[in-house]
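Just below is one structure, and these are the notes that go with it.
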Amino acid sequence: MRGKALRLYRSFVRRKLWVILFLLLLLFLLSLLSLSLGAAKLGPGTVWRAFFSKILPLSPPDRLSEVIVWELRVPRILMAVLAGAGLALAGAVSQGLLRNPLASPYTLGISSAAGFGASLALVLGLGVVGGEYLVVANAFCFALLATLLVWALGLKKGMSPESVILAGIAVMYLFSSLTSILQYAAEPRALQGVVFWLMGGLHTATWEGVMPVLVLFLLCSPPLLGSSWDLNAMAVGDETARSLGVNVRRVRGMGLVLLSLLTAGIVSFTGTIGFIGLVSPHLARMLVGGDHRFLLPCSCSVGALLLLGADTLARTLLAPTEIPVGAITSLLGIPFFLHLLLRKRRDYWA
Amino acid sequence: MAGKAVVLPAVLVAVLLAVGYLGYRAGSRTLVTPESTLTVVDDSGKYVEVPRTLRSLVVLHSDAGEIICALGAENLVVGVSPTTKAKLAPKFDNVSEVGSCSSPNYEKIVELRPEVVITYSGSTGSEGQLRSRLEPLGIRVLCLDAYKLELIPRDIRLLGLMLGKEERAEEYAGFFENLVRLIENRVSGLPAENKVRVYLEGHKDYQTASHGTMGHSIITTAGGLNLAAGEPVPYPLVSSEWVLERDPDVVLKNTGSKVLPGGGRGLTDPGPLRQVREALLSRPGWSELKAARENRVYVVSWDLWGGGSQIITLCHVARWFYPSLFQDLDPSPLHRQLVENFWGLEYRGVFTYP
Amino acid sequence: MKIEARGVHFSYGDVPALRGVTLGAGEGEVVGLVGPNGSGKTTLLRCLDGILRPQRGTIFLDGRELGQIGPRELSRRVGYLPQGSPPSFPLTVFDTVLLGRRPHLGWRVGERDLRVVSGLLEEMGMEGLALRYFGELSGGERQKVLLARLLAQEPEVLLLDEPTAHLDLRHQLEILDLLRKKARERGITVLMALHDLNLASGFSDRVVLLHRGRVLASGRPGSVLTPSRLERVYGVRVRRMGGKDRPYLLPLRPS
């Protein structure tokens, strides 16, 4: 009987690690599959030769395959993985910081503000910088503005979860309604552009777009992952967390800023892709429980899998027409989630 | 704890990808290299280097598709948008679909290796993205805003030059310019108080068009006064009282694809158009409108409101506004000429009522 | 004096809660704080933990002012259990207790941390519950787990606000017994606010009676819990029974 608890705990932890590794393996396999699918008629053999010919000493097939694989498909898959992981991470952290199962980057107003910025650029041509990056820069700036608003409003009320949630919802509605007004004043052609943007899509993923998102992800995720213990403590309650030495105000403030920055960076390039940030943490919780040391990496994996899967479907189901990714994520994510929720008896939130 | 499990594979993957990417970039990416080129200015105002003789192109909107058919160069088109295919059937029935101008499918386009891709300027035509993704591969992007009546002759001549069909282009451009000039000349002397006051309604009930829109420019070119010209948004939503208060001389109704799925082209008799007109007149108080009493309420199908067909709409509208001035202007033979002689399609359908 | 409050005044906005409280507790001492609702027990505990800063007066830990001690060090030395049962959260018992090690952790959880937790679980007979989820436990079990978390902090001082509220008799006794045992074994100073006078009487070395933000009396249970004082403070007539040192109080009727 001695040390039984410890042994059980160790295997408990090991099992969680295996789950995460398994998810990563799945992600890798899905990436390979996704690489071989597309509107252009390239066989899997051709695709893999084109891909691996740059890494291993193989002779490449024709230049067309090279271009399609490396210029179009690889950046798109990378963007899907990064965006999925990033949004899921932001969602998981926001749910932990605010102790609310419905928290997500969307309910903090970031996505709506980005949508407004993009609409401003698409409809009126107004923006922070001109040229090619008009829409992206606008979306990003307005997303940051929303973050600042929510942060300032929350700070005024002592950074309590309730005040942050209310501030987030208020900001979300503010920018949503402004976007609606813009849509009313828009020409039909510009309007279509806005609608496409709001539904989210990865068809614009290029290497130039992937790099900033990658950098942002690499900058924001370590501190967020590092706050796992603090998030665990805060899950019990602000008072308890404080008594355990957690600077609740600072952790919540910094955490919000980081997750908003990450979301803003992603959403500026991909448009508003809903539900990844909301559903991934819940699915991850069902797999590895509520300990953030495992929940956060697992959410990232789940998010990446979901978005990559959804995007692969989006660009292959009705090729050459592309379905907006956001439509697929909501169609697939919610019923799946409901099904799991209803089947398991254990309440995974509390 | 889980950090270690994630970091190691992530680093491995990152290294692999970095190596691959650098290896890829080290080589050339150009897919298309034309022998000789000439530089033109397209409708976005940018300089574009196009092949001296075009051999393959992708067309993302039907307005340009029409011009290409008129110039007899449809065999050079390797990819089209679904709307272009549908509108100009059967010309492009065997051509691959490559997505729309607002959502092009890059993989499909690249696979076809066109020399030039034709789209609209601005974000409606995904101009920025198309340029940044295709031009490094050697594929040129040409922006032709052939939905604007005033730009159509220019676009025709530009394509004529690129396709080596200058003579035909002159003929086709002349068709437009002559008609526009004719109409403009005849209405130029009209004093403001004699001008016809017009209410234009789009697909959606009570949605009208103010300045800067295609509808507005057609009305003004034909010598009319658009009652909604001063409104702040391009497509304002007005109310029944608004119309009744202003009591227009002429009412123009543009019917949408929901009511007419096949467009005017698919109609054999004016029945559906008549129904639209009756529905309009049955609105409370509308039968008392001056336009209703004088029988000057006209319904136009949506396929007459885009691209080259606008010239025909202009003719119809000019005749409706000032029948005495345009007695000799018969739009139907002109429409037949446009569709059959220039585009090489079958002329059929009913497009206006009455 | 391990932990001391001197002349502490605290008001929530305009409403005064503590009006000049001076008390202290020594190493290994178990102090029971009693008093009716609103007498300032919770406020006092929060001041002692550094959550609230008194408007006047000072708190000392081992002779040092609380304000001088960093929050991390403070959380290593003082453990606080707030009132009420927390809403449940999705952690296992083991992870919940492990949370108590947070003040001592770096980024990694060390061997020692795991052993402290498993040792505590064994000691408290909760080994079998180690991988159960906190939300699945009964009230008494939850309270024991929270107590284990506090003990995992390896604190020098324990501040508990109503640790036995809503618990059945057996769990109440188990917990208080454990607290007393730990105080003796490890020299932990325990200050606990209790609503049940008899539990305070039975398990405290010293009882402090608070009335309207002031210390009315402090000393052995027998000397503090007199019927006249209790009538004055609670407005209830009581009959005192049992031993002289640790009396048993039977409430009769409101006076």
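Identifiers for the structure tokens are assigned positionally: chains receive A, B, ... in sequence, residues are indexed from 1 per chain, and ligands are indexed from 1 in the order shown.
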
Neighbour list for B:Arg336 as a list in words, cut-off 10 Å, only C-alpha atoms, skip fewer than 2 positions in-chain
Ile312, Pro331, Ser332, Pro333, Leu334, Leu338, Val339, Glu340, Asn341, Phe342, Trp343, Leu345, Glu346, Tyr347 and Arg348 of chain B

Neighbour list for B:Lys87 as a ChimeraX atom specification, cut-off 10 Å, only C-alpha atoms, skip fewer than 6 positions in-chain:
/B:61-63,65-66,262-263,265,303

Can you write just those residues out, C-alpha atoms, as a PDB file, in the first residue's frame?
```pdb
ATOM      1  CA  HIS B  61     -15.640  37.456 -65.065  1.00  0.00           C
ATOM      2  CA  SER B  62     -18.180  37.305 -67.844  1.00  0.00           C
ATOM      3  CA  ASP B  63     -17.820  40.985 -68.775  1.00  0.00           C
ATOM      4  CA  GLY B  65     -15.676  36.864 -71.450  1.00  0.00           C
ATOM      5  CA  GLU B  66     -18.140  38.691 -73.677  1.00  0.00           C
ATOM      6  CA  GLY B 262     -32.710  31.789 -66.193  1.00  0.00           C
ATOM      7  CA  GLY B 263     -32.746  35.517 -66.734  1.00  0.00           C
ATOM      8  CA  ARG B 265     -32.704  34.700 -71.881  1.00  0.00           C
ATOM      9  CA  ASP B 303     -29.086  39.839 -67.371  1.00  0.00           C
TER      10      ASP B 303
END
```

Report as a JSON list (two decimals) with C-alpha atoms, in the first residue's frame all protein, DNA and RNA residues lying within 8 Å of C:Leu191, evaluated on only C-alpha atoms, omitting residues in the same chain fewer than 2 positions from it.
```json
[["chain", "number", "residue", "atom", "x", "y", "z"],
["C", 25, "ALA", "CA", -0.52, 33.52, 18.42],
["C", 30, "VAL", "CA", -4.24, 26.56, 18.21],
["C", 31, "VAL", "CA", -6.41, 29.66, 18.52],
["C", 32, "GLY", "CA", -10.15, 29.59, 18.05],
["C", 33, "LEU", "CA", -11.76, 32.83, 16.86],
["C", 157, "VAL", "CA", 0.88, 29.49, 10.02],
["C", 158, "LEU", "CA", -2.56, 28.23, 9.06],
["C", 159, "LEU", "CA", -5.54, 30.57, 8.83],
["C", 160, "LEU", "CA", -8.88, 28.84, 8.44],
["C", 189, "THR", "CA", 0.34, 28.05, 14.40],
["C", 193, "ALA", "CA", -12.69, 31.05, 12.93]]
```

So that I can see what lies close to stretch 97-108 of chain A, please list as a compact mmCIF listing (two decimals) with N, CA and C atoms, in the first residue's frame the residues with an atom at most 9 Å from it, counting only C-alpha atoms and leaving out residues fewer than 3 positions away in the same chain.
```txt
# COMPACT_ATOMS: atom_id res chain seq x y z
N LEU A 87 -5.52 29.48 -31.98
CA LEU A 87 -6.87 29.81 -31.53
C LEU A 87 -7.29 28.93 -30.37
N ALA A 88 -6.91 27.65 -30.45
CA ALA A 88 -7.27 26.73 -29.36
C ALA A 88 -6.56 27.13 -28.08
N ALA A 90 -5.51 30.12 -27.26
CA ALA A 90 -6.14 31.35 -26.77
C ALA A 90 -7.47 31.03 -26.09
N GLY A 91 -8.21 30.11 -26.67
CA GLY A 91 -9.49 29.73 -26.08
C GLY A 91 -9.32 29.07 -24.73
N ALA A 92 -8.36 28.13 -24.65
CA ALA A 92 -8.15 27.42 -23.39
C ALA A 92 -7.71 28.38 -22.30
N VAL A 93 -6.79 29.28 -22.64
CA VAL A 93 -6.31 30.22 -21.63
C VAL A 93 -7.42 31.16 -21.19
N SER A 94 -8.23 31.62 -22.15
CA SER A 94 -9.30 32.54 -21.76
C SER A 94 -10.31 31.83 -20.86
N SER A 111 -12.29 39.08 -32.44
CA SER A 111 -12.65 38.71 -33.81
C SER A 111 -13.57 39.75 -34.43
N SER A 112 -14.54 40.25 -33.67
CA SER A 112 -15.46 41.24 -34.23
C SER A 112 -14.72 42.51 -34.63
N ALA A 146 -9.47 46.63 -29.68
CA ALA A 146 -10.45 45.93 -28.84
C ALA A 146 -9.79 45.37 -27.60
N THR A 147 -8.61 44.79 -27.77
CA THR A 147 -7.89 44.24 -26.63
C THR A 147 -7.63 45.33 -25.60
N VAL A 150 -10.86 46.21 -23.75
CA VAL A 150 -11.27 45.21 -22.76
C VAL A 150 -10.34 45.22 -21.56
N SER A 160 -11.52 41.54 -12.38
CA SER A 160 -12.28 40.36 -11.97
C SER A 160 -12.83 39.66 -13.22
N PRO A 161 -13.02 38.34 -13.14
CA PRO A 161 -13.50 37.62 -14.34
C PRO A 161 -14.80 38.21 -14.87
N GLU A 162 -15.72 38.55 -14.00
CA GLU A 162 -17.02 39.04 -14.45
C GLU A 162 -16.87 40.32 -15.25
N VAL A 164 -14.28 41.40 -16.89
CA VAL A 164 -13.63 41.17 -18.18
C VAL A 164 -14.62 40.57 -19.17
N ILE A 165 -15.41 39.63 -18.70
CA ILE A 165 -16.39 39.00 -19.59
C ILE A 165 -17.38 40.03 -20.11
N LEU A 166 -17.90 40.86 -19.21
CA LEU A 166 -18.86 41.87 -19.65
C LEU A 166 -18.23 42.84 -20.62
N ALA A 167 -17.01 43.28 -20.30
CA ALA A 167 -16.32 44.20 -21.21
C ALA A 167 -16.15 43.57 -22.58
N GLY A 168 -15.76 42.30 -22.59
CA GLY A 168 -15.55 41.60 -23.86
C GLY A 168 -16.81 41.55 -24.69
N ILE A 169 -17.92 41.23 -24.06
CA ILE A 169 -19.19 41.13 -24.79
C ILE A 169 -19.61 42.50 -25.31
N ALA A 170 -19.40 43.51 -24.49
CA ALA A 170 -19.77 44.85 -24.93
C ALA A 170 -18.97 45.25 -26.17
N VAL A 171 -17.68 45.00 -26.13
CA VAL A 171 -16.82 45.35 -27.26
C VAL A 171 -17.21 44.54 -28.49
N MET A 172 -17.54 43.28 -28.28
CA MET A 172 -17.94 42.44 -29.40
C MET A 172 -19.17 43.02 -30.09
N LEU A 231 -2.77 29.04 -13.79
CA LEU A 231 -4.13 28.81 -14.26
C LEU A 231 -4.82 27.74 -13.41
N MET A 234 -5.84 29.41 -10.28
CA MET A 234 -6.96 30.32 -10.47
C MET A 234 -8.26 29.60 -10.74
N ALA A 235 -8.15 28.34 -11.16
CA ALA A 235 -9.38 27.58 -11.40
C ALA A 235 -10.14 27.35 -10.11
N VAL A 236 -9.40 27.33 -9.00
CA VAL A 236 -10.06 27.10 -7.72
C VAL A 236 -10.72 28.38 -7.22
N GLY A 237 -10.08 29.50 -7.50
CA GLY A 237 -10.68 30.75 -7.05
C GLY A 237 -9.61 31.81 -6.92
N VAL A 251 -1.43 38.17 -13.69
CA VAL A 251 -1.55 36.98 -14.54
C VAL A 251 -2.73 37.13 -15.49
N ARG A 252 -3.85 37.61 -14.96
CA ARG A 252 -5.01 37.76 -15.82
C ARG A 252 -4.78 38.84 -16.88
N GLY A 255 -2.06 37.64 -19.36
CA GLY A 255 -2.62 36.52 -20.12
C GLY A 255 -3.58 37.01 -21.19
N LEU A 256 -4.44 37.95 -20.81
CA LEU A 256 -5.40 38.48 -21.78
C LEU A 256 -4.69 39.17 -22.93
N LEU A 259 -2.98 36.44 -25.19
CA LEU A 259 -3.88 35.63 -26.00
C LEU A 259 -4.59 36.49 -27.04
N SER A 260 -4.83 37.76 -26.70
CA SER A 260 -5.45 38.64 -27.68
C SER A 260 -4.50 38.93 -28.83
N THR A 263 -4.41 35.88 -31.04
CA THR A 263 -5.63 35.79 -31.82
C THR A 263 -5.67 36.85 -32.90
N THR A 272 -12.50 35.57 -39.53
CA THR A 272 -13.02 35.02 -38.29
C THR A 272 -13.42 33.56 -38.48
N GLY A 274 -14.77 30.61 -36.50
CA GLY A 274 -15.39 30.41 -35.20
C GLY A 274 -15.23 29.01 -34.67
N PHE A 275 -15.48 28.86 -33.43
CA PHE A 275 -15.63 27.58 -32.75
C PHE A 275 -14.36 26.80 -32.44
N ILE A 276 -13.29 27.06 -33.15
CA ILE A 276 -12.06 26.33 -32.81
C ILE A 276 -11.63 26.71 -31.40
N GLY A 277 -11.66 28.02 -31.12
CA GLY A 277 -11.22 28.47 -29.81
C GLY A 277 -12.15 28.03 -28.70
N LEU A 278 -13.40 27.77 -29.04
CA LEU A 278 -14.36 27.39 -28.01
C LEU A 278 -14.39 25.89 -27.79
N HIS A 282 -12.57 22.22 -24.79
CA HIS A 282 -13.50 21.27 -24.18
C HIS A 282 -13.21 19.84 -24.59
N TRP A 349 -16.63 20.06 -16.98
CA TRP A 349 -16.21 21.41 -16.63
C TRP A 349 -15.96 21.50 -15.15
```

Nearest to chain B by atom-to-atom distance, counting only C-alpha atoms, from A:Gly200, A:Gly333, A:Gly193, A:Pro44:
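Once distances to chain B are computed over only C-alpha atoms, the minimum belongs to A:Gly193.
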
For chain A, which residues have at least one atom within 6 Å of chain B, if we go by only C-alpha atoms? Write them as number ranges by chain, please.
A: 39-40, 54-55, 132, 185, 189-190, 294, 320-321

Would you mind exporting the chosen residues as a tab-separated table (two decimals), in the first residue's frame, restricted to C-alpha atoms?
```tsv
chain	number	residue	atom	x	y	z
A	39	ALA	CA	-7.88	20.95	-56.88
A	40	ALA	CA	-4.93	20.27	-59.14
A	54	LYS	CA	13.78	19.28	-51.15
A	55	ILE	CA	14.64	17.63	-47.90
A	132	GLU	CA	-1.37	44.74	-50.40
A	185	ALA	CA	-23.55	51.06	-47.06
A	189	ARG	CA	-19.24	43.43	-54.84
A	190	ALA	CA	-17.50	44.82	-51.78
A	294	PHE	CA	-1.55	19.03	-20.26
A	320	PRO	CA	-12.71	24.05	-57.54
A	321	THR	CA	-15.19	26.06	-55.50
```

Atomic distance atom CA of C:Gly13 - atom CA of C:Met192, expressed in Å with one decimal:
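Between these atoms lies a distance of 25.7 Å.
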
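Restricting the calculation to only C-alpha atoms, the smallest distance between chain A and any of C:Arg186, C:Arg132, C:Arg170, C:Arg212 is found for C:Arg132.
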
List as a PyMOL selection string the protein and nucleic acid residues near stretch 220-236 of chain C, meaning an atom at most 6 Å away when only C-alpha atoms are counted, but skip any in the same chain fewer than 6 places from it.
chain C and resi 201+206-207+244-247+253-255

Create the file for the chosen residues now, containing C-alpha atoms and written as a PDB file, in the first residue's frame.
```pdb
ATOM      1  CA  SER C 201     -13.948  25.042  23.360  1.00  0.00           C
ATOM      2  CA  ARG C 206      -6.851  29.658  23.382  1.00  0.00           C
ATOM      3  CA  VAL C 207     -10.154  31.286  22.448  1.00  0.00           C
ATOM      4  CA  LYS C 244     -13.963  24.188  34.084  1.00  0.00           C
ATOM      5  CA  ASP C 245     -11.212  24.408  31.499  1.00  0.00           C
ATOM      6  CA  ARG C 246     -13.176  23.287  28.455  1.00  0.00           C
ATOM      7  CA  PRO C 247     -16.876  23.959  29.113  1.00  0.00           C
ATOM      8  CA  ARG C 253     -33.312  30.777  24.519  1.00  0.00           C
ATOM      9  CA  PRO C 254     -32.816  34.282  23.125  1.00  0.00           C
ATOM     10  CA  SER C 255     -32.732  36.861  25.874  1.00  0.00           C
TER      11      SER C 255
END
```

So the first atom is atom CA of A:Met199 and the second is atom CA of A:Gly115; what is the distance between them in Å, to one decimal place?
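We find that atom CA of A:Met199 and atom CA of A:Gly115 lie 9.7 Å from each other.
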
Using only C-alpha atoms, which protein or nucleic acid residues come within 6 Å of stretch 57-71 of chain C? Drop anything in the same chain fewer than 3 positions from it, and give the result as a PyMOL selection string.
(chain A and resi 245) or (chain C and resi 2-8+74)

Please identify all polymer residues within 9 Å of A:Leu89, counting only C-alpha atoms, omitting same-chain residues fewer than 4 positions from it, and present them as a PyMOL selection string.
chain A and resi 84-85+93-94+221+224-225+259+277+280-281+296-300+303

How would you write, as a list in words, the set of residues in stretch 189-254 of chain C that DSSP gives as helix (DSSP H, G or I)?
Leu197, Asn198, Leu199, Ala200, Ser201, Gly202, Phe203, Pro221, Gly222, Ser223, Val224, Pro227, Ser228, Arg229, Leu230, Glu231, Arg232, Val233 and Tyr234 of chain C

So how far away is atom CA of B:Glu241 from atom CA of B:Gly271, in Å?
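According to the coordinates, atom CA of B:Gly271 and atom CA of B:Glu241 are separated by 28.4 Å.
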
Please extract the residues of stretch 200-338 of chain B with a backbone DSSP assignment of strand (DSSP E or B) and present them as a list in words.
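Secondary structure check on stretch 200-338 of chain B, strand (DSSP E or B): Leu200, Glu201, Gln207, Gly224, Leu225, Asn226, Leu237, Val250, Val251, Leu252, Lys253, Asn254, Thr255, Val297, Tyr298, Val299, Val300 and Ser301 of chain B.
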
Identify all chain A residues at most 12 Å from chain C by counting only C-alpha atoms; ligands do not count. Present them as JSON, numbers by chain.
{"A": [1, 2, 3, 4, 5, 6, 7, 8, 9, 10, 11, 12, 13, 96, 99, 100, 101, 222, 223, 225, 226, 227, 228, 229, 230, 231, 232, 233, 234, 235, 236, 237, 238, 239, 240, 241, 242, 243, 244, 245, 246, 247, 248, 282, 285, 286, 288, 289, 290, 291, 292, 293, 294, 295, 345, 346, 347, 348, 349, 350]}
